[in-house]
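> This is input.txt, which holds compact mmCIF, C-alpha atoms and all ligand atoms:
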# COMPACT_ATOMS: atom_id res chain seq x y z
CA MET S 1 86.39 112.70 99.60
CA SER S 2 85.43 112.39 103.23
CA LEU S 3 87.63 111.21 106.06
CA VAL S 4 88.21 107.45 106.12
CA ASN S 5 89.60 105.05 108.68
CA LEU S 6 92.99 103.34 108.39
CA THR S 7 91.63 100.15 106.82
CA GLU S 8 89.94 102.12 104.01
CA ALA S 9 93.09 104.16 103.42
CA PHE S 10 95.21 100.98 103.31
CA LYS S 11 92.89 99.54 100.65
CA TYR S 12 93.21 102.71 98.59
CA ALA S 13 96.99 102.72 98.92
CA GLU S 14 97.28 99.02 98.13
CA ASN S 15 95.25 99.50 94.94
CA THR S 16 97.30 102.43 93.72
CA GLY S 17 100.60 101.24 95.26
CA GLY S 18 102.33 102.54 98.35
CA ALA S 19 102.69 102.68 102.12
CA ILE S 20 100.96 105.59 103.81
CA GLY S 21 102.81 108.40 105.53
CA ALA S 22 101.44 109.53 108.89
CA PHE S 23 102.43 113.06 109.78
CA ASN S 24 102.27 114.55 113.27
CA VAL S 25 100.99 118.08 113.60
CA SER S 26 101.43 120.76 116.20
CA SER S 27 99.80 123.72 114.43
CA TRP S 28 96.86 124.48 112.15
CA GLU S 29 99.20 125.40 109.29
CA MET S 30 100.90 122.02 109.52
CA ILE S 31 97.50 120.39 109.06
CA ALA S 32 96.80 122.53 105.99
CA ALA S 33 100.25 121.84 104.52
CA ILE S 34 99.81 118.06 104.83
CA ALA S 35 96.37 118.16 103.21
CA ILE S 36 97.74 120.23 100.31
CA ALA S 37 100.68 117.82 99.82
CA SER S 38 98.31 114.83 99.78
CA GLU S 39 96.19 116.43 97.05
CA GLU S 40 99.29 117.40 95.05
CA ALA S 41 100.72 113.89 95.29
CA GLU S 42 97.29 112.31 94.79
CA PHE S 43 98.06 109.96 97.63
CA PRO S 44 96.35 109.43 101.01
CA VAL S 45 97.92 110.56 104.26
CA VAL S 46 97.26 110.17 107.95
CA ILE S 47 97.08 113.50 109.73
CA GLN S 48 97.84 112.65 113.32
CA ALA S 49 98.34 114.47 116.58
CA GLN S 50 99.25 113.69 120.12
CA TRP S 51 97.18 114.83 123.05
CA PRO S 52 99.21 117.98 123.96
CA PHE S 53 98.31 119.65 120.63
CA LEU S 54 94.76 118.33 120.69
CA LYS S 55 94.22 119.53 124.23
CA HIS S 56 95.47 122.95 123.16
CA ALA S 57 93.52 123.16 119.90
CA GLY S 58 90.43 121.13 120.85
CA PRO S 59 89.74 117.72 119.24
CA LEU S 60 86.35 118.83 117.90
CA ARG S 61 87.78 121.96 116.27
CA VAL S 62 90.62 119.90 114.75
CA ALA S 63 88.19 117.28 113.41
CA GLN S 64 85.95 119.99 111.93
CA TYR S 65 88.90 121.79 110.34
CA VAL S 66 90.31 118.61 108.78
CA SER S 67 86.87 117.62 107.58
CA ASP S 68 86.35 121.09 106.02
CA ILE S 69 89.69 121.31 104.21
CA THR S 70 89.50 117.75 102.85
CA LYS S 71 85.89 118.07 101.66
CA GLY S 72 85.77 117.67 97.90
CA ALA S 73 89.31 116.23 97.80
CA LYS S 74 89.94 113.35 95.39
CA ILE S 75 92.12 111.58 97.93
CA PRO S 76 91.02 110.07 101.26
CA THR S 77 92.51 111.30 104.53
CA VAL S 78 92.73 109.62 107.93
CA LEU S 79 92.57 111.67 111.12
CA GLN S 80 94.24 109.80 113.96
CA LEU S 81 95.02 110.34 117.62
CA ASP S 82 98.66 109.30 118.13
CA HIS S 83 100.01 107.50 121.24
CA SER S 84 97.36 107.76 123.91
CA LYS S 85 98.17 106.01 127.15
CA ASN S 86 94.67 106.31 128.58
CA TRP S 87 90.97 106.57 127.86
CA GLU S 88 90.26 110.29 128.12
CA PRO S 89 91.96 111.39 124.86
CA VAL S 90 90.57 108.31 123.09
CA MET S 91 86.99 109.10 124.12
CA GLU S 92 87.34 112.78 123.26
CA CYS S 93 88.66 111.96 119.80
CA LEU S 94 85.99 109.32 119.18
CA ARG S 95 83.30 111.85 120.13
CA ALA S 96 84.93 114.52 117.94
CA GLY S 97 84.85 112.35 114.79
CA PHE S 98 88.44 111.12 114.47
CA THR S 99 88.58 108.12 112.13
CA SER S 100 91.41 106.29 113.89
CA VAL S 101 93.01 106.17 117.34
CA MET S 102 96.23 104.78 118.75
CA ILE S 103 96.04 103.33 122.24
CA ASP S 104 99.54 102.71 123.53
CA ALA S 105 99.44 100.65 126.69
CA SER S 106 102.88 99.16 125.99
CA HIS S 107 104.06 100.36 129.43
CA LEU S 108 101.69 97.84 131.06
CA PRO S 109 102.35 94.12 131.58
CA PHE S 110 101.29 92.02 128.55
CA ALA S 111 97.96 90.76 129.96
CA GLU S 112 96.88 94.25 131.10
CA ASN S 113 98.00 95.78 127.81
CA ILE S 114 95.73 93.30 126.00
CA LYS S 115 92.79 94.08 128.30
CA VAL S 116 93.00 97.87 127.85
CA VAL S 117 93.50 97.68 124.09
CA ALA S 118 90.68 95.14 123.59
CA GLU S 119 88.27 97.47 125.42
CA VAL S 120 89.25 100.42 123.20
CA VAL S 121 88.85 98.24 120.08
CA LYS S 122 85.33 97.25 121.14
CA VAL S 123 84.17 100.85 121.52
CA ALA S 124 86.07 102.24 118.50
CA HIS S 125 84.94 99.51 116.10
CA ALA S 126 81.32 100.08 117.10
CA MET S 127 81.83 103.62 115.74
CA GLY S 128 83.68 102.54 112.55
CA VAL S 129 86.98 103.84 113.93
CA THR S 130 90.21 101.84 113.49
CA VAL S 131 92.72 101.18 116.27
CA GLU S 132 96.52 101.06 116.17
CA SER S 133 98.50 99.81 119.13
CA GLU S 134 102.13 99.15 120.01
CA LEU S 135 103.92 96.09 121.27
CA GLY S 136 107.46 96.49 122.52
CA LYS S 137 108.60 100.02 123.36
CA VAL S 138 110.12 102.45 120.86
CA ALA S 139 112.86 104.50 122.53
CA GLY S 140 113.00 108.29 122.48
CA ARG S 141 110.70 111.24 123.00
CA GLU S 142 107.49 112.07 121.15
CA ASP S 143 105.77 115.05 122.79
CA ASP S 144 104.70 113.73 126.21
CA VAL S 145 105.66 110.10 125.48
CA VAL S 146 109.15 109.39 126.75
CA VAL S 147 110.89 105.99 126.73
CA ASN S 148 114.47 105.85 128.00
CA GLU S 149 116.92 103.74 126.01
CA ALA S 150 117.23 101.31 128.92
CA ASP S 151 113.45 100.75 128.95
CA ALA S 152 113.10 100.23 125.20
CA THR S 153 112.18 96.69 124.14
CA PHE S 154 111.84 95.10 120.73
CA THR S 155 108.59 93.47 119.57
CA ASP S 156 108.43 89.73 120.06
CA PRO S 157 106.93 88.04 116.94
CA ASP S 158 104.99 85.37 118.87
CA GLU S 159 103.62 87.88 121.36
CA ALA S 160 102.61 90.10 118.43
CA ALA S 161 100.45 87.31 116.95
CA THR S 162 98.75 86.67 120.32
CA PHE S 163 98.28 90.40 120.92
CA ILE S 164 96.51 90.91 117.59
CA GLN S 165 94.35 87.83 118.00
CA LYS S 166 93.23 88.84 121.51
CA THR S 167 92.73 92.58 120.90
CA GLY S 168 91.37 92.76 117.33
CA ILE S 169 93.49 95.84 116.46
CA ASP S 170 93.73 97.03 112.86
CA ALA S 171 97.44 97.99 112.73
CA LEU S 172 100.43 97.07 114.87
CA ALA S 173 103.21 99.52 115.72
CA VAL S 174 106.45 97.56 116.01
CA SER S 175 109.65 98.27 117.88
CA VAL S 176 112.51 97.11 115.64
CA GLY S 177 115.25 99.66 116.26
CA THR S 178 113.78 103.00 115.23
CA VAL S 179 113.56 105.78 117.83
CA HIS S 180 111.26 108.74 118.33
CA GLY S 181 113.20 111.98 117.83
CA ALA S 182 116.73 112.55 116.55
CA TYR S 183 119.14 109.60 116.06
CA LYS S 184 122.52 109.65 117.76
CA GLY S 185 124.10 107.56 114.99
CA GLU S 186 122.97 105.63 111.89
CA PRO S 187 119.52 104.07 112.52
CA LEU S 188 119.93 100.29 112.75
CA LEU S 189 116.74 98.38 112.01
CA ASP S 190 116.34 94.72 112.93
CA PHE S 191 114.97 93.54 109.58
CA GLU S 192 115.20 89.89 110.56
CA ARG S 193 112.82 90.54 113.45
CA LEU S 194 110.52 92.61 111.24
CA GLY S 195 110.39 89.73 108.74
CA LYS S 196 109.50 87.28 111.52
CA ILE S 197 106.75 89.56 112.81
CA ASN S 198 105.41 89.92 109.26
CA ASP S 199 105.36 86.10 108.88
CA LYS S 200 103.35 85.69 112.09
CA VAL S 201 100.75 88.44 111.74
CA ASN S 202 98.08 89.27 109.20
CA ILE S 203 97.50 93.01 109.71
CA PRO S 204 99.49 96.03 108.47
CA LEU S 205 102.56 97.02 110.49
CA VAL S 206 103.43 100.58 111.49
CA LEU S 207 106.94 102.00 111.69
CA HIS S 208 107.29 104.78 114.25
CA GLY S 209 110.32 107.06 114.50
CA ALA S 210 110.85 107.30 110.73
CA SER S 211 112.42 110.78 110.71
CA GLY S 212 116.09 110.42 109.83
CA VAL S 213 115.72 106.81 108.63
CA PRO S 214 117.43 106.46 105.22
CA GLU S 215 115.28 105.89 102.15
CA ASN S 216 116.60 102.37 101.49
CA ALA S 217 115.84 101.27 105.07
CA LEU S 218 112.27 102.60 104.77
CA GLN S 219 111.87 100.77 101.48
CA ARG S 220 113.13 97.52 102.98
CA ALA S 221 110.74 97.88 105.91
CA ILE S 222 107.83 98.43 103.52
CA GLY S 223 108.79 95.23 101.72
CA LEU S 224 108.42 93.47 105.09
CA GLY S 225 104.82 94.43 105.84
CA VAL S 226 105.03 98.07 106.97
CA LEU S 227 102.06 99.95 105.50
CA LYS S 228 102.07 103.06 107.72
CA VAL S 229 105.18 105.13 108.38
CA ASN S 230 105.18 107.83 111.08
CA PHE S 231 107.06 111.12 110.74
CA SER S 232 107.19 113.94 113.25
CA THR S 233 110.71 115.23 113.99
CA ASP S 234 111.54 115.98 110.33
CA LEU S 235 108.42 118.16 110.15
CA LYS S 236 109.13 119.93 113.42
CA ASP S 237 112.75 120.60 112.37
CA ALA S 238 111.64 121.99 109.00
CA TRP S 239 109.05 124.19 110.72
CA ILE S 240 111.49 125.61 113.25
CA LEU S 241 114.25 126.20 110.68
CA SER S 242 111.98 128.11 108.34
CA MET S 243 110.54 130.14 111.24
CA LYS S 244 114.09 131.08 112.28
CA LYS S 245 114.94 132.02 108.70
CA ALA S 246 111.80 134.13 108.37
CA VAL S 247 112.27 136.06 111.61
CA SER S 248 115.89 136.84 110.75
CA THR S 249 114.80 138.41 107.43
CA PRO S 250 114.73 142.23 107.82
CA GLY S 251 111.18 143.61 107.85
CA PHE S 252 109.57 140.19 108.18
CA GLU S 253 105.82 139.96 108.59
CA PRO S 254 104.23 137.22 110.74
CA LEU S 255 102.18 136.10 107.73
CA ASP S 256 105.36 135.58 105.67
CA CYS S 257 106.68 133.47 108.49
CA VAL S 258 103.57 131.27 108.57
CA LYS S 259 103.47 130.95 104.78
CA MET S 260 107.16 129.98 104.55
CA SER S 261 106.83 127.36 107.26
CA GLN S 262 103.67 125.94 105.74
CA ASP S 263 105.35 125.66 102.36
CA GLN S 264 108.37 123.98 103.92
CA ILE S 265 106.15 121.35 105.56
CA ARG S 266 104.33 120.79 102.25
CA GLN S 267 107.68 120.06 100.58
CA VAL S 268 108.84 117.67 103.33
CA VAL S 269 105.56 115.75 103.20
CA ASN S 270 105.72 115.53 99.41
CA SER S 271 109.26 114.13 99.56
CA LYS S 272 108.22 111.50 102.13
CA ILE S 273 105.20 110.45 100.05
CA ASP S 274 107.54 110.04 97.05
CA ILE S 275 109.77 107.66 99.01
CA LEU S 276 106.90 105.58 100.38
CA ARG S 277 105.17 105.27 97.04
CA LYS S 278 108.34 104.45 95.15
CA ALA S 279 109.24 101.74 97.64
CA PHE S 280 106.00 99.91 97.00
CA LYS S 281 106.31 100.21 93.24
CA GLU S 282 109.86 98.83 93.34
CA GLU S 283 108.62 95.96 95.47
CA LEU S 284 105.92 95.19 92.86
CA ASN S 285 108.41 95.37 90.00
CA ALA S 286 110.78 93.01 91.80
CA ASN S 287 108.05 90.30 92.03
P1 LIG S 301 109.80 110.79 114.64
O1 LIG S 301 109.59 112.02 115.46
O2 LIG S 301 111.06 110.11 115.00
O3 LIG S 301 109.61 111.02 113.20
O4 LIG S 301 108.64 109.74 115.09
C1 LIG S 301 107.30 110.02 114.75
C2 LIG S 301 106.38 109.02 115.35
O5 LIG S 301 106.67 107.86 115.44
C3 LIG S 301 105.06 109.50 115.79
O6 LIG S 301 104.35 108.53 116.49
Could you render the structure from this file as structure tokens?
Ligand code: 13P


Amino acid sequence: MSLVNLTEAFKYAENTGGAIGAFNVSSWEMIAAIAIASEEAEFPVVIQAQWPFLKHAGPLRVAQYVSDITKGAKIPTVLQLDHSKNWEPVMECLRAGFTSVMIDASHLPFAENIKVVAEVVKVAHAMGVTVESELGKVAGREDDVVVNEADATFTDPDEAATFIQKTGIDALAVSVGTVHGAYKGEPLLDFERLGKINDKVNIPLVLHGASGVPENALQRAIGLGVLKVNFSTDLKDAWILSMKKAVSTPGFEPLDCVKMSQDQIRQVVNSKIDILRKAFKEELNAN
């Protein structure tokens, strides 16, 4: 099955049941591991990357690789640019054949944020590419995106409705208490706010900073309109741990190291897909 945009993947997931996991990559083997897990689980995924990896690997090469390894797959895959603050990465990814982009102009004042995002939507939609954007600011660090705790702000439900209406985005990333990177304590999500946002808007919501968020909190969020859940830190941690383990094994070969790390990522992705899919099924059963 060829690459699809977010809206197509959401339709697929809604028909079979489940919220979609979006997994950040920083190596070719991570990409392969995610694609293998998706096929094993028979469930779509979003393979996504931030600009530092794409700049290193080349957006066109990444798009060609993902397209090659997912060719003939039964399950659709989305290839998305994650968190771009400006046009250059967006244009490069659109040209390369990415099926979705995230423009994050949440650092700008509301009116300017709308203007930038609406322009990206116009260009991307003309190419059949979906657009995710963020309102409010999720705290923490995600590659080159850094938001200090003091600068983090939660999404306002009324502003969210206006933002979507004026920009035409396809998915809204919300700030409701999750953070990018490791949590200092127990993650505390503002479910009341999430419920209010869900009542006001009519497009799928995206939960960033999902690494380290307990299963029951993810399931609750999915019941409140979250259809895309972003994971990065859990994958990076698994990758680094297995690399460390491999290099400390006497007589290790670099290939063993790569294989072990790839397998570790495959297992993490499979376990996340299980949680996301189960959450949706439980939600259906409860109704
Ligand atoms: P974590 O690194 O906290 O999993 O966040 C991932 C993310 O939101 C990517 O945009």

> List every residue of region 61-81 of chain S that has an atom at most 12 Å from any atom of region 85-92 of chain S, and for each one report the closest atom pair and its distance in Å to one decimal, counting only C-alpha atoms, with rows sorted by chain and then by increasing residue number, as a Markdown table.


| residue | atom | partner | partner_atom | distance |
| --- | --- | --- | --- | --- |
| S:Arg61 | CA | S:Glu92 | CA | 11.5 |
| S:Val62 | CA | S:Glu92 | CA | 11.6 |
| S:Ala63 | CA | S:Glu92 | CA | 10.9 |
| S:Gln80 | CA | S:Val90 | CA | 10.0 |
| S:Leu81 | CA | S:Val90 | CA | 7.3 |

> Find the residues near ligand LIG 301 (chain S). Use a cut-off of 8 Å, count only C-alpha atoms and all ligand atoms, and write them as a PyMOL selection string.

chain S and resi 22-24+82-83+140-142+178-182+207-212+229-235

> What's the 12 Å shell around Asp68 (chain S), counting only C-alpha atoms, without same-chain residues fewer than 6 positions away, as a list of chain:residue names?

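Counting only C-alpha atoms, the residues come to S:Met1, S:Ser2, S:Leu3, S:Ile31, S:Ala32, S:Ala35, S:Arg61, S:Val62, S:Thr77.
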
> With only C-alpha atoms as the basis for distance, which of S:Val226, S:Thr153, S:Ile275, S:His125 is at the shortest distance from Ile169 (chain S)?

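That would be S:His125, the residue with the smallest distance to Ile169 (chain S).
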
> Using CA of Val66 (chain S) and CA of Ala19 (chain S) as the two end points, give the distance in Å to one decimal.

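A separation of 21.2 Å between them.
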
> With all atoms listed in the file as the counted atoms, please give the residues lying no more than 8 Å from Ala41 (chain S), apart from itself and same-chain residues fewer than 2 positions off, as a list in words.

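So, after excluding close chain neighbours, the residues are Ala37, Ser38, Glu39, Phe43, Asn270 and Ile273 of chain S.
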
> If I wrap all listed atoms of region 231-239 of chain S in a box with edges along x, y and z and add 4 Å on each side, what are its centre and edge lengths in Å to one decimal, as lines of an AutoDock Vina configuration file?


center_x = 109.9
center_y = 117.7
center_z = 111.5
size_x = 13.7
size_y = 21.1
size_z = 13.0

> Would you mind telling me which residue in S:Val269, S:Leu218, S:Leu94, S:Val174 lies nearest to Val138 (chain S) when using all atoms listed in the file?

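Of S:Val269, S:Leu218, S:Leu94, S:Val174, the one nearest Val138 (chain S), counting all atoms listed in the file, is S:Val174.
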